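> Pasting protein_35.cif here (mmCIF, C-alpha atoms (C1' of nucleotides)):
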data_structure
loop_
_atom_site.label_atom_id
_atom_site.label_comp_id
_atom_site.auth_asym_id
_atom_site.auth_seq_id
_atom_site.Cartn_x
_atom_site.Cartn_y
_atom_site.Cartn_z
CA MET A 1 0.00 0.00 0.00
CA ALA A 2 3.06 2.24 -0.09
CA GLU A 3 1.68 4.26 -2.97
CA LYS A 4 4.23 6.48 -4.58
CA ILE A 5 2.70 9.22 -6.66
CA ILE A 6 2.12 8.03 -10.17
CA PRO A 7 2.14 10.63 -12.97
CA ASP A 8 -1.39 11.11 -14.23
CA ILE A 9 -0.17 10.63 -17.78
CA VAL A 10 0.90 7.12 -16.84
CA VAL A 11 -2.50 6.37 -15.32
CA SER A 12 -4.17 7.62 -18.47
CA ARG A 13 -2.31 5.01 -20.51
CA LEU A 14 -3.32 2.03 -18.38
CA PRO A 15 -6.80 1.83 -19.95
CA LEU A 16 -5.11 1.66 -23.33
CA TYR A 17 -3.08 -1.32 -22.22
CA LEU A 18 -6.22 -2.92 -20.89
CA GLN A 19 -7.89 -2.49 -24.24
CA ALA A 20 -4.88 -3.88 -26.09
CA LEU A 21 -4.67 -6.87 -23.75
CA GLU A 22 -8.36 -7.53 -24.31
CA TYR A 23 -7.77 -7.56 -28.03
CA LEU A 24 -4.71 -9.82 -27.78
CA GLN A 25 -6.59 -12.22 -25.53
CA LYS A 26 -9.48 -12.39 -27.99
CA SER A 27 -7.04 -13.24 -30.76
CA GLY A 28 -6.06 -16.30 -28.77
CA LYS A 29 -2.73 -15.18 -27.39
CA THR A 30 -1.68 -15.91 -23.83
CA ILE A 31 1.73 -14.23 -23.72
CA THR A 32 2.76 -10.86 -25.06
CA SER A 33 5.72 -8.50 -24.99
CA SER A 34 6.15 -4.82 -24.35
CA LYS A 35 6.77 -4.45 -28.06
CA GLU A 36 3.54 -6.14 -29.10
CA LEU A 37 1.51 -4.44 -26.39
CA GLY A 38 2.90 -1.12 -27.50
CA ALA A 39 2.14 -1.78 -31.14
CA HIS A 40 -1.51 -2.33 -30.25
CA SER A 41 -1.78 0.83 -28.23
CA ASP A 42 0.47 3.11 -30.25
CA ILE A 43 3.01 3.45 -27.47
CA SER A 44 6.72 2.67 -27.53
CA ALA A 45 7.92 -0.58 -25.99
CA ALA A 46 10.18 1.29 -23.58
CA GLN A 47 7.24 3.40 -22.49
CA VAL A 48 5.13 0.34 -21.82
CA ARG A 49 7.82 -1.22 -19.64
CA LYS A 50 8.47 2.02 -17.79
CA ASP A 51 4.76 2.57 -17.15
CA LEU A 52 4.20 -0.94 -15.83
CA SER A 53 7.31 -0.75 -13.66
CA PHE A 54 5.64 2.02 -11.65
CA PHE A 55 3.30 -0.57 -10.23
CA GLY A 56 5.40 -3.69 -9.95
CA GLU A 57 7.22 -6.33 -11.92
CA PHE A 58 4.61 -8.07 -13.99
CA GLY A 59 6.77 -9.56 -16.70
CA LYS A 60 9.21 -12.39 -17.04
CA GLN A 61 12.60 -11.60 -18.46
CA GLY A 62 13.19 -13.47 -21.65
CA SER A 63 9.55 -14.37 -22.27
CA GLY A 64 7.33 -11.34 -21.66
CA TYR A 65 3.98 -10.77 -19.97
CA ASP A 66 1.21 -13.24 -19.24
CA ILE A 67 -1.82 -11.58 -20.77
CA ALA A 68 -4.45 -12.80 -18.31
CA TYR A 69 -2.25 -11.96 -15.34
CA LEU A 70 -1.32 -8.50 -16.58
CA TYR A 71 -4.94 -7.80 -17.40
CA SER A 72 -6.02 -8.68 -13.90
CA GLU A 73 -3.23 -6.62 -12.37
CA ILE A 74 -4.04 -3.49 -14.38
CA SER A 75 -7.73 -4.00 -13.64
CA ARG A 76 -6.91 -4.07 -9.97
CA ILE A 77 -4.75 -0.95 -10.22
CA LEU A 78 -7.49 0.93 -12.04
CA ASN A 79 -10.12 -0.31 -9.61
CA VAL A 80 -12.06 -1.95 -12.40
CA ASP A 81 -11.70 -5.46 -11.03
CA HIS A 82 -15.26 -5.21 -9.76
CA VAL A 83 -18.55 -3.80 -11.01
CA TRP A 84 -19.35 -0.13 -10.44
CA ASP A 85 -22.92 1.05 -10.18
CA VAL A 86 -23.48 4.13 -12.27
CA ALA A 87 -26.27 6.70 -12.46
CA LEU A 88 -27.30 7.98 -15.86
CA ILE A 89 -28.83 11.43 -15.84
CA GLY A 90 -30.61 12.50 -19.01
CA SER A 91 -32.68 10.18 -21.18
CA GLY A 92 -32.45 11.95 -24.52
CA TYR A 93 -31.00 10.35 -27.63
CA LEU A 94 -27.57 10.14 -26.05
CA GLY A 95 -28.99 8.65 -22.88
CA HIS A 96 -30.70 6.03 -25.02
CA ALA A 97 -27.46 5.21 -26.79
CA ILE A 98 -25.63 4.81 -23.49
CA ALA A 99 -28.38 2.76 -21.89
CA HIS A 100 -28.40 0.35 -24.80
CA TYR A 101 -24.66 0.13 -25.34
CA PRO A 102 -23.35 -3.16 -23.97
CA GLY A 103 -19.76 -1.94 -23.70
CA PHE A 104 -20.21 -0.19 -20.40
CA VAL A 105 -21.46 -3.19 -18.49
CA GLU A 106 -18.92 -5.43 -20.23
CA HIS A 107 -16.25 -3.21 -18.73
CA GLY A 108 -17.73 -3.15 -15.28
CA PHE A 109 -19.96 -0.07 -15.42
CA ARG A 110 -23.53 -1.07 -14.70
CA ILE A 111 -26.29 1.47 -14.96
CA LYS A 112 -28.29 1.33 -11.76
CA TYR A 113 -30.63 4.27 -12.26
CA VAL A 114 -31.76 6.50 -15.08
CA PHE A 115 -33.02 9.96 -14.15
CA ASP A 116 -34.74 12.67 -16.13
CA ASN A 117 -36.57 15.82 -15.18
CA ASN A 118 -39.07 15.65 -18.05
CA PRO A 119 -42.44 14.51 -16.62
CA ALA A 120 -43.35 12.98 -19.98
CA LYS A 121 -40.41 10.60 -19.73
CA ILE A 122 -40.65 9.62 -16.09
CA GLY A 123 -42.07 6.15 -15.75
CA GLN A 124 -41.06 5.11 -19.24
CA GLU A 125 -38.76 2.15 -19.77
CA LEU A 126 -35.23 2.59 -21.02
CA GLY A 127 -32.80 -0.28 -21.48
CA GLY A 128 -34.38 -2.30 -18.71
CA HIS A 129 -34.76 0.67 -16.38
CA ILE A 130 -37.72 2.80 -15.42
CA ILE A 131 -36.84 6.44 -15.88
CA LEU A 132 -37.04 8.14 -12.51
CA SER A 133 -37.69 11.73 -11.56
CA SER A 134 -34.63 13.87 -10.91
CA GLU A 135 -36.23 14.76 -7.63
CA LYS A 136 -35.36 11.33 -6.32
CA MET A 137 -31.82 11.49 -7.64
CA VAL A 138 -29.93 12.74 -4.62
CA GLU A 139 -31.80 10.46 -2.25
CA LEU A 140 -31.29 7.28 -4.27
CA ILE A 141 -27.66 7.95 -5.09
CA LYS A 142 -26.99 8.56 -1.43
CA LYS A 143 -28.87 5.45 -0.37
CA ASP A 144 -26.90 3.20 -2.71
CA GLY A 145 -23.60 5.00 -2.30
CA ILE A 146 -23.21 5.46 -6.04
CA LYS A 147 -19.90 7.10 -6.88
CA ILE A 148 -20.05 7.46 -10.67
CA ALA A 149 -22.50 9.38 -12.85
CA MET A 150 -22.87 9.91 -16.57
CA LEU A 151 -24.37 13.23 -17.55
CA THR A 152 -26.27 13.65 -20.80
CA VAL A 153 -28.35 16.66 -19.91
CA PRO A 154 -28.49 19.99 -21.80
CA SER A 155 -25.52 22.31 -21.26
CA ARG A 156 -27.56 24.93 -19.46
CA VAL A 157 -28.42 22.58 -16.59
CA VAL A 158 -25.23 20.52 -16.41
CA GLN A 159 -23.63 22.57 -13.68
CA GLU A 160 -26.75 22.51 -11.57
CA VAL A 161 -27.09 18.74 -11.89
CA ALA A 162 -23.40 18.26 -11.21
CA ASP A 163 -23.74 20.25 -7.99
CA GLN A 164 -26.54 17.94 -6.86
CA LEU A 165 -24.51 14.87 -7.76
CA VAL A 166 -21.59 16.10 -5.71
CA GLN A 167 -23.92 16.75 -2.83
CA ALA A 168 -25.22 13.21 -3.19
CA GLY A 169 -21.71 11.81 -2.85
CA VAL A 170 -20.76 11.16 -6.47
CA LYS A 171 -16.99 11.28 -6.94
CA ALA A 172 -16.60 10.84 -10.70
CA ILE A 173 -18.63 12.43 -13.46
CA LEU A 174 -18.53 11.57 -17.13
CA ASN A 175 -19.87 14.71 -18.75
CA TYR A 176 -21.23 14.63 -22.28
CA ALA A 177 -22.05 18.34 -22.47
CA PRO A 178 -19.50 20.64 -24.11
CA VAL A 179 -19.01 22.84 -21.08
CA PRO A 180 -16.37 22.74 -18.37
CA LEU A 181 -17.75 21.79 -14.98
CA ILE A 182 -16.68 23.41 -11.74
CA VAL A 183 -16.48 20.84 -8.96
CA PRO A 184 -14.89 20.72 -5.52
CA GLU A 185 -11.44 19.31 -4.89
CA GLY A 186 -11.46 15.55 -4.95
CA ILE A 187 -14.23 15.14 -7.51
CA ARG A 188 -13.11 13.87 -10.92
CA VAL A 189 -14.69 15.05 -14.14
CA GLU A 190 -14.02 13.78 -17.63
CA THR A 191 -15.76 15.40 -20.54
CA VAL A 192 -16.52 13.59 -23.78
CA ARG A 193 -15.67 16.05 -26.55
CA PRO A 194 -16.20 14.70 -30.04
CA ILE A 195 -16.40 18.20 -31.51
CA LEU A 196 -12.97 19.03 -30.15
CA GLN A 197 -11.66 15.84 -31.66
CA LEU A 198 -13.10 16.83 -35.03
CA GLU A 199 -11.60 20.30 -34.77
CA HIS A 200 -8.27 18.77 -33.94
CA MET A 201 -8.37 16.76 -37.14
CA THR A 202 -9.53 19.58 -39.41
CA TYR A 203 -6.34 21.43 -38.59
CA TYR A 204 -4.48 18.87 -40.65
CA LEU A 205 -6.92 18.73 -43.57
CA MET B 1 2.09 30.31 -45.69
CA ALA B 2 5.51 29.81 -44.12
CA GLU B 3 4.18 27.17 -41.77
CA LYS B 4 6.62 26.21 -39.10
CA ILE B 5 5.83 22.87 -37.56
CA ILE B 6 3.44 23.32 -34.69
CA PRO B 7 3.58 20.75 -31.86
CA ASP B 8 0.48 18.59 -32.02
CA ILE B 9 -0.14 19.21 -28.35
CA VAL B 10 -0.51 22.91 -29.12
CA VAL B 11 -2.99 22.17 -31.91
CA SER B 12 -4.98 20.00 -29.53
CA ARG B 13 -5.45 22.95 -27.19
CA LEU B 14 -6.80 25.33 -29.81
CA PRO B 15 -10.30 23.78 -29.73
CA LEU B 16 -10.32 24.34 -25.99
CA TYR B 17 -9.62 28.02 -26.51
CA LEU B 18 -12.37 28.14 -29.10
CA GLN B 19 -14.80 26.67 -26.62
CA ALA B 20 -13.73 29.09 -23.90
CA LEU B 21 -14.03 32.05 -26.25
CA GLU B 22 -17.50 30.90 -27.22
CA TYR B 23 -18.47 30.82 -23.58
CA LEU B 24 -16.95 34.23 -22.85
CA GLN B 25 -18.69 35.72 -25.85
CA LYS B 26 -22.03 34.32 -24.73
CA SER B 27 -21.54 35.90 -21.32
CA GLY B 28 -21.38 39.26 -23.06
CA LYS B 29 -17.66 39.93 -22.94
CA THR B 30 -15.79 41.39 -25.90
CA ILE B 31 -12.25 41.47 -24.51
CA THR B 32 -10.39 38.82 -22.56
CA SER B 33 -6.91 38.09 -21.28
CA SER B 34 -4.63 35.09 -21.35
CA LYS B 35 -5.39 34.69 -17.67
CA GLU B 36 -9.15 34.61 -18.12
CA LEU B 37 -8.96 32.45 -21.22
CA GLY B 38 -6.75 30.03 -19.35
CA ALA B 39 -9.06 29.91 -16.36
CA HIS B 40 -11.91 28.84 -18.63
CA SER B 41 -9.89 26.12 -20.30
CA ASP B 42 -7.82 24.93 -17.36
CA ILE B 43 -4.56 26.05 -18.90
CA SER B 44 -1.96 28.44 -17.49
CA ALA B 45 -1.88 32.00 -18.76
CA ALA B 46 1.71 31.61 -19.93
CA GLN B 47 0.73 28.51 -21.85
CA VAL B 48 -2.11 30.33 -23.57
CA ARG B 49 0.17 33.15 -24.67
CA LYS B 50 2.88 30.77 -25.83
CA ASP B 51 0.40 28.66 -27.79
CA LEU B 52 -1.14 31.63 -29.55
CA SER B 53 2.27 33.10 -30.33
CA PHE B 54 2.97 30.11 -32.56
CA PHE B 55 0.45 31.47 -35.01
CA GLY B 56 0.79 35.22 -34.74
CA GLU B 57 0.32 38.19 -32.48
CA PHE B 58 -3.37 38.32 -31.75
CA GLY B 59 -3.37 40.36 -28.57
CA LYS B 60 -2.83 43.94 -27.57
CA GLN B 61 -0.31 44.63 -24.87
CA GLY B 62 -1.92 46.20 -21.88
CA SER B 63 -5.46 45.28 -22.80
CA GLY B 64 -5.66 41.67 -23.97
CA TYR B 65 -7.43 39.83 -26.77
CA ASP B 66 -10.50 40.81 -28.75
CA ILE B 67 -12.75 37.80 -28.35
CA ALA B 68 -14.47 37.93 -31.73
CA TYR B 69 -11.19 38.48 -33.53
CA LEU B 70 -9.34 35.74 -31.71
CA TYR B 71 -12.24 33.38 -32.28
CA SER B 72 -12.16 34.02 -35.99
CA GLU B 73 -8.40 33.61 -36.13
CA ILE B 74 -8.39 30.29 -34.30
CA SER B 75 -11.31 29.11 -36.43
CA ARG B 76 -9.27 29.92 -39.50
CA ILE B 77 -6.20 28.13 -38.14
CA LEU B 78 -8.24 25.03 -37.35
CA ASN B 79 -10.00 25.17 -40.71
CA VAL B 80 -13.37 25.46 -39.04
CA ASP B 81 -14.16 28.85 -40.51
CA HIS B 82 -16.42 27.13 -43.01
CA VAL B 83 -18.90 24.27 -42.99
CA TRP B 84 -17.65 20.71 -43.47
CA ASP B 85 -19.87 18.05 -44.95
CA VAL B 86 -19.70 14.86 -42.96
CA ALA B 87 -20.84 11.31 -43.59
CA LEU B 88 -22.38 9.37 -40.74
CA ILE B 89 -22.02 5.62 -41.01
CA GLY B 90 -24.17 3.57 -38.67
CA SER B 91 -27.73 4.45 -37.70
CA GLY B 92 -28.00 2.66 -34.37
CA TYR B 93 -28.75 4.43 -31.12
CA LEU B 94 -25.50 6.34 -31.27
CA GLY B 95 -26.11 7.33 -34.87
CA HIS B 96 -29.50 8.65 -33.82
CA ALA B 97 -27.95 10.67 -31.04
CA ILE B 98 -25.41 12.18 -33.40
CA ALA B 99 -27.93 12.90 -36.13
CA HIS B 100 -30.18 14.73 -33.69
CA TYR B 101 -27.48 16.59 -31.79
CA PRO B 102 -27.41 20.23 -32.87
CA GLY B 103 -23.88 20.83 -31.62
CA PHE B 104 -22.15 19.39 -34.66
CA VAL B 105 -23.80 21.66 -37.19
CA GLU B 106 -23.46 24.63 -34.83
CA HIS B 107 -19.72 24.04 -34.97
CA GLY B 108 -19.57 23.64 -38.70
CA PHE B 109 -19.99 19.89 -39.12
CA ARG B 110 -23.06 19.22 -41.25
CA ILE B 111 -24.20 15.67 -41.81
CA LYS B 112 -24.65 15.20 -45.52
CA TYR B 113 -25.37 11.48 -45.68
CA VAL B 114 -26.35 8.71 -43.31
CA PHE B 115 -25.42 5.17 -44.30
CA ASP B 116 -26.32 1.78 -42.88
CA ASN B 117 -25.98 -1.75 -44.13
CA ASN B 118 -29.15 -3.01 -42.47
CA PRO B 119 -31.84 -3.40 -45.17
CA ALA B 120 -34.55 -2.81 -42.59
CA LYS B 121 -33.18 0.67 -41.94
CA ILE B 122 -32.45 1.78 -45.46
CA GLY B 123 -35.03 4.25 -46.65
CA GLN B 124 -36.04 5.28 -43.17
CA GLU B 125 -35.75 8.89 -42.09
CA LEU B 126 -33.18 10.01 -39.55
CA GLY B 127 -32.74 13.61 -38.49
CA GLY B 128 -33.86 14.94 -41.84
CA HIS B 129 -31.91 12.37 -43.82
CA ILE B 130 -32.95 9.22 -45.63
CA ILE B 131 -30.76 6.35 -44.52
CA LEU B 132 -28.85 5.09 -47.53
CA SER B 133 -27.37 1.71 -48.30
CA SER B 134 -23.69 1.29 -47.52
CA GLU B 135 -23.30 0.07 -51.05
CA LYS B 136 -23.68 3.64 -52.25
CA MET B 137 -21.27 4.98 -49.67
CA VAL B 138 -18.03 5.06 -51.61
CA GLU B 139 -19.67 6.44 -54.73
CA LEU B 140 -21.49 9.29 -52.98
CA ILE B 141 -18.58 10.27 -50.77
CA LYS B 142 -16.35 10.41 -53.82
CA LYS B 143 -18.88 12.41 -55.80
CA ASP B 144 -19.23 15.06 -53.12
CA GLY B 145 -15.59 15.03 -52.07
CA ILE B 146 -16.50 14.42 -48.44
CA LYS B 147 -13.42 14.41 -46.23
CA ILE B 148 -14.82 13.64 -42.79
CA ALA B 149 -16.75 10.62 -41.53
CA MET B 150 -18.22 9.61 -38.20
CA LEU B 151 -18.28 5.90 -37.56
CA THR B 152 -20.84 4.35 -35.26
CA VAL B 153 -20.80 0.82 -36.57
CA PRO B 154 -20.11 -2.37 -34.57
CA SER B 155 -16.47 -3.02 -33.71
CA ARG B 156 -16.22 -6.09 -35.88
CA VAL B 157 -16.88 -4.13 -39.07
CA VAL B 158 -15.20 -0.84 -38.23
CA GLN B 159 -11.92 -1.64 -39.94
CA GLU B 160 -13.66 -2.82 -43.08
CA VAL B 161 -15.78 0.33 -43.26
CA ALA B 162 -12.77 2.51 -42.52
CA ASP B 163 -10.91 0.91 -45.43
CA GLN B 164 -13.78 1.78 -47.75
CA LEU B 165 -13.90 5.34 -46.45
CA VAL B 166 -10.21 5.79 -47.10
CA GLN B 167 -10.68 4.42 -50.57
CA ALA B 168 -13.48 6.94 -51.07
CA GLY B 169 -11.18 9.81 -50.17
CA VAL B 170 -12.09 10.46 -46.56
CA LYS B 171 -9.19 12.04 -44.66
CA ALA B 172 -10.52 12.24 -41.12
CA ILE B 173 -12.47 9.63 -39.20
CA LEU B 174 -14.18 10.08 -35.88
CA ASN B 175 -14.45 6.53 -34.59
CA TYR B 176 -16.92 5.63 -31.88
CA ALA B 177 -15.94 1.96 -31.66
CA PRO B 178 -13.48 0.93 -28.94
CA VAL B 179 -10.92 -0.48 -31.33
CA PRO B 180 -7.81 1.08 -32.82
CA LEU B 181 -8.06 1.61 -36.56
CA ILE B 182 -5.24 0.99 -38.96
CA VAL B 183 -5.18 3.61 -41.69
CA PRO B 184 -2.63 4.79 -44.25
CA GLU B 185 -0.27 7.68 -43.65
CA GLY B 186 -2.04 10.99 -43.97
CA ILE B 187 -5.43 9.83 -42.71
CA ARG B 188 -6.41 11.13 -39.29
CA VAL B 189 -8.37 9.05 -36.82
CA GLU B 190 -9.74 10.14 -33.48
CA THR B 191 -11.52 7.62 -31.31
CA VAL B 192 -14.17 8.56 -28.79
CA ARG B 193 -13.44 6.51 -25.69
CA PRO B 194 -15.80 7.13 -22.82
CA ILE B 195 -14.93 3.79 -21.20
CA LEU B 196 -11.27 4.75 -21.06
CA GLN B 197 -12.26 8.04 -19.47
CA LEU B 198 -14.24 6.18 -16.84
CA GLU B 199 -11.36 3.81 -16.16
CA HIS B 200 -9.05 6.78 -15.80
CA MET B 201 -11.29 8.20 -13.09
CA THR B 202 -11.81 4.97 -11.18
CA TYR B 203 -8.08 4.87 -10.51
CA TYR B 204 -8.54 7.79 -8.18
CA LEU B 205 -11.69 6.52 -6.45
"C1'" DT C 1 0.01 50.49 -15.13
"C1'" DT C 2 -1.59 46.39 -17.50
"C1'" DC C 3 -0.95 42.59 -20.17
"C1'" DT C 4 1.28 40.59 -24.32
"C1'" DG C 5 5.11 38.15 -26.62
"C1'" DT C 6 9.26 35.59 -25.88
"C1'" DG C 7 14.05 34.02 -24.75
"C1'" DA C 8 15.85 31.37 -21.07
"C1'" DA C 9 15.47 28.31 -17.30
"C1'" DC C 10 13.31 24.59 -15.62
"C1'" DC C 11 11.00 20.38 -15.21
"C1'" DG C 12 9.20 16.04 -16.40
"C1'" DC C 13 8.30 12.66 -19.65
"C1'" DT C 14 10.38 9.65 -23.16
"C1'" DT C 15 14.01 7.15 -25.01
"C1'" DC C 16 18.27 4.91 -24.63
"C1'" DA C 17 21.07 1.32 -23.42
"C1'" DC C 18 22.39 -2.29 -20.72
"C1'" DA C 19 22.59 -5.33 -16.59
"C1'" DG C 20 20.29 -9.25 -15.20
"C1'" DC C 21 17.33 -13.08 -15.23
"C1'" DG C 22 14.86 -16.91 -17.44
"C1'" DC D 1 19.52 -15.62 -26.67
"C1'" DG D 2 15.24 -12.80 -25.61
"C1'" DC D 3 12.96 -9.60 -23.12
"C1'" DT D 4 12.24 -7.17 -18.77
"C1'" DG D 5 13.32 -3.53 -15.47
"C1'" DT D 6 15.76 0.69 -14.76
"C1'" DG D 7 19.33 4.37 -14.11
"C1'" DA D 8 20.95 7.90 -17.08
"C1'" DA D 9 20.68 10.79 -20.96
"C1'" DG D 10 18.05 13.38 -23.98
"C1'" DC D 11 14.35 16.06 -25.47
"C1'" DG D 12 10.31 18.73 -25.56
"C1'" DG D 13 6.90 21.11 -23.28
"C1'" DT D 14 5.87 24.40 -19.44
"C1'" DT D 15 6.88 28.08 -16.58
"C1'" DC D 16 9.46 32.06 -15.47
"C1'" DA D 17 10.47 36.65 -15.82
"C1'" DC D 18 10.93 40.71 -18.17
"C1'" DA D 19 11.18 43.95 -22.17
"C1'" DG D 20 8.06 46.55 -24.61
"C1'" DA D 21 3.76 48.43 -26.31
"C1'" DA D 22 -0.85 50.48 -25.27
#
Take the structure in the file and write it out as structure tokens.

Amino acid sequence: MAEKIIPDIVVSRLPLYLQALEYLQKSGKTITSSKELGAHSDISAAQVRKDLSFFGEFGKQGSGYDIAYLYSEISRILNVDHVWDVALIGSGYLGHAIAHYPGFVEHGFRIKYVFDNNPAKIGQELGGHIILSSEKMVELIKKDGIKIAMLTVPSRVVQEVADQLVQAGVKAILNYAPVPLIVPEGIRVETVRPILQLEHMTYYL
Amino acid sequence: MAEKIIPDIVVSRLPLYLQALEYLQKSGKTITSSKELGAHSDISAAQVRKDLSFFGEFGKQGSGYDIAYLYSEISRILNVDHVWDVALIGSGYLGHAIAHYPGFVEHGFRIKYVFDNNPAKIGQELGGHIILSSEKMVELIKKDGIKIAMLTVPSRVVQEVADQLVQAGVKAILNYAPVPLIVPEGIRVETVRPILQLEHMTYYL
DNA sequence: TTCTGTGAACCGCTTCACAGCG
DNA sequence: CGCTGTGAAGCGGTTCACAGAA
């Protein structure tokens, strides 16, 4: 438990390794190398080894890394070796897409509740869930100790909803609205920004 | 046109400035500073000034930056000072969300075609578009010279579709499937990875 | 005075290169 | 011999600090 401080940039690459390992495992491999792992995540072999060495010695000199073992180790490091309950707020088109996408639950993120503030939607079914009123949001999230929320509400109400989520005890917010959120110290926010990704690419066109 | 090579990391911050400027403009401001701009994009003031100085001298010493002017300059640099036609491939839940989201067209990305390979979907209407057969994809993209595509097809066919897009002349792909794409030199790919963003946050929980 | 633009200093990440182990 | 783990070197991005213009 003697956790040295790991550079955030290193942490941000671990999910990439996880994804590459998943792919390698599906292709029937059981052993890989830093070179191969790097090739599948667009990272240099030296970088892969250096990153992993922050957390321990997972490889075997001469042979490489056991894929299943390394996968389980990185999962443990990232805290994704168990299922997280997640609250989805906003049941528009994007909320629908998220609720029906199997990838989240396959990676350990299970939607527990879906909330919306539109009375016309409350009570409707969405991906196996009954859409609940936002008024019950804080109470239910508190009751279940939910720590992660996905936000697909309109930009103008995102901050307000985020404030409520923080109050309810949520510690990590995946924000799909194109606005920066202001949250207290200790709360993590990641924003999904496809438009920024497009604008990044158009520079080179 | 004497383009010095700009670090990609600098380019990747320009969309953030654009977003911050948009916000500042909406709040009624006409002038800003590197400090304020940085505060709204979570970047240091020195970094903002350094980044902008790669492209020219947009500010006025003593007063700051004219928001409308800087916005137009960055738009020009990023090639988003005009509308791009975009092809959307895949009309599942995510395709629906994208087709109905107004943010893309507001930022200059107009969906021109929607393609799907599911016969049951072809001919149906989606966000003002008739869903077309994938068989017509290459032909139509070539005809219109479309350079940007958004991909919301299942992982197992992404690479195949991407290959066709490249063949059709597409130069930038926004990929929503959680798999790395292999494309020729000169083709840009950005992948939207919400699961990786979640896994990044769980590390700190 | 304020705030930009920028060389220089600094810092941290990446790469190198090799000892060491299987 | 192959490949990891890692100190050291190298490099590039960030921050500093200040000259200069409004």
> List every residue of chain A that has an atom at most 12 Å from any atom of chain C, and for each one report the closest atom pair and its distance in Å to one decimal, counting only C-alpha atoms (C1' of nucleotides), with rows sorted by chain and then by increasing residue number, as CSV.

residue,atom,partner,partner_atom,distance
A:Pro7,CA,C:DC13,C1',9.3
A:Asp8,CA,C:DC13,C1',11.2
A:Ile9,CA,C:DC13,C1',8.9
A:Val10,CA,C:DC13,C1',9.7
A:Ile43,CA,C:DT14,C1',10.6
A:Ser44,CA,C:DT15,C1',8.9
A:Ala45,CA,C:DT15,C1',9.9
A:Ala46,CA,C:DT15,C1',7.1
A:Gln47,CA,C:DT14,C1',7.0
A:Val48,CA,C:DT14,C1',10.8
A:Arg49,CA,C:DT14,C1',11.7
A:Lys50,CA,C:DT14,C1',9.5
A:Asp51,CA,C:DT14,C1',10.9
A:Gly59,CA,C:DG22,C1',11.0
A:Lys60,CA,C:DG22,C1',7.2
A:Gln61,CA,C:DG22,C1',5.9
A:Gly62,CA,C:DG22,C1',5.7
A:Ser63,CA,C:DG22,C1',7.6
A:Gly64,CA,C:DG22,C1',10.3
> Give as a list in words the residues that the PyMOL selection byres ((chain B) within 7 of (chain A)) matches when applied to the coordinates above.
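Selection result, ordered by chain and number: Val11, Ser12, Pro15, Ile77, Leu78, Asn79, Val80, Tyr93, Leu94, His96, Ala97, Phe104, Ala172, Leu174, Arg188, Glu190, Val192, Pro194, Ile195, Leu196, Gln197, Leu198, Glu199, His200, Met201, Thr202 and Tyr203 of chain B.
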> One number please: atom CA of A:Leu165 to atom CA of A:Gly123, in Å, one decimal.
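If I compute the distance from atom CA of A:Leu165 to atom CA of A:Gly123, I get 21.2 Å.
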> Just so the selection is clear, what residues does the PyMOL selection byres ((chain D) within 6 of (chain A)) cover here, as a list of chain:residue names?
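With the PyMOL selection byres ((chain D) within 6 of (chain A)) on this model, the match is D:DG2, D:DC3, D:DT4.
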> Determine the residue set returned by the PyMOL selection byres ((chain B and resi 167) around 12) for the present structure, and present it as a VMD selection string.
chain B and resid 137 to 139 141 to 142 145 to 147 160 to 166 168 to 171 183 to 184 187
> Atom CA of B:Asp116 and atom CA of A:Gly128 are how many Å apart?
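Going from atom CA of B:Asp116 over to atom CA of A:Gly128 covers 25.8 Å.
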> Report, in Å to a single decimal, how far apart atom CA of B:Glu36 and atom C1' of D:DA21 are.
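Taking atom C1' of D:DA21 and atom CA of B:Glu36, their separation equals 20.6 Å.
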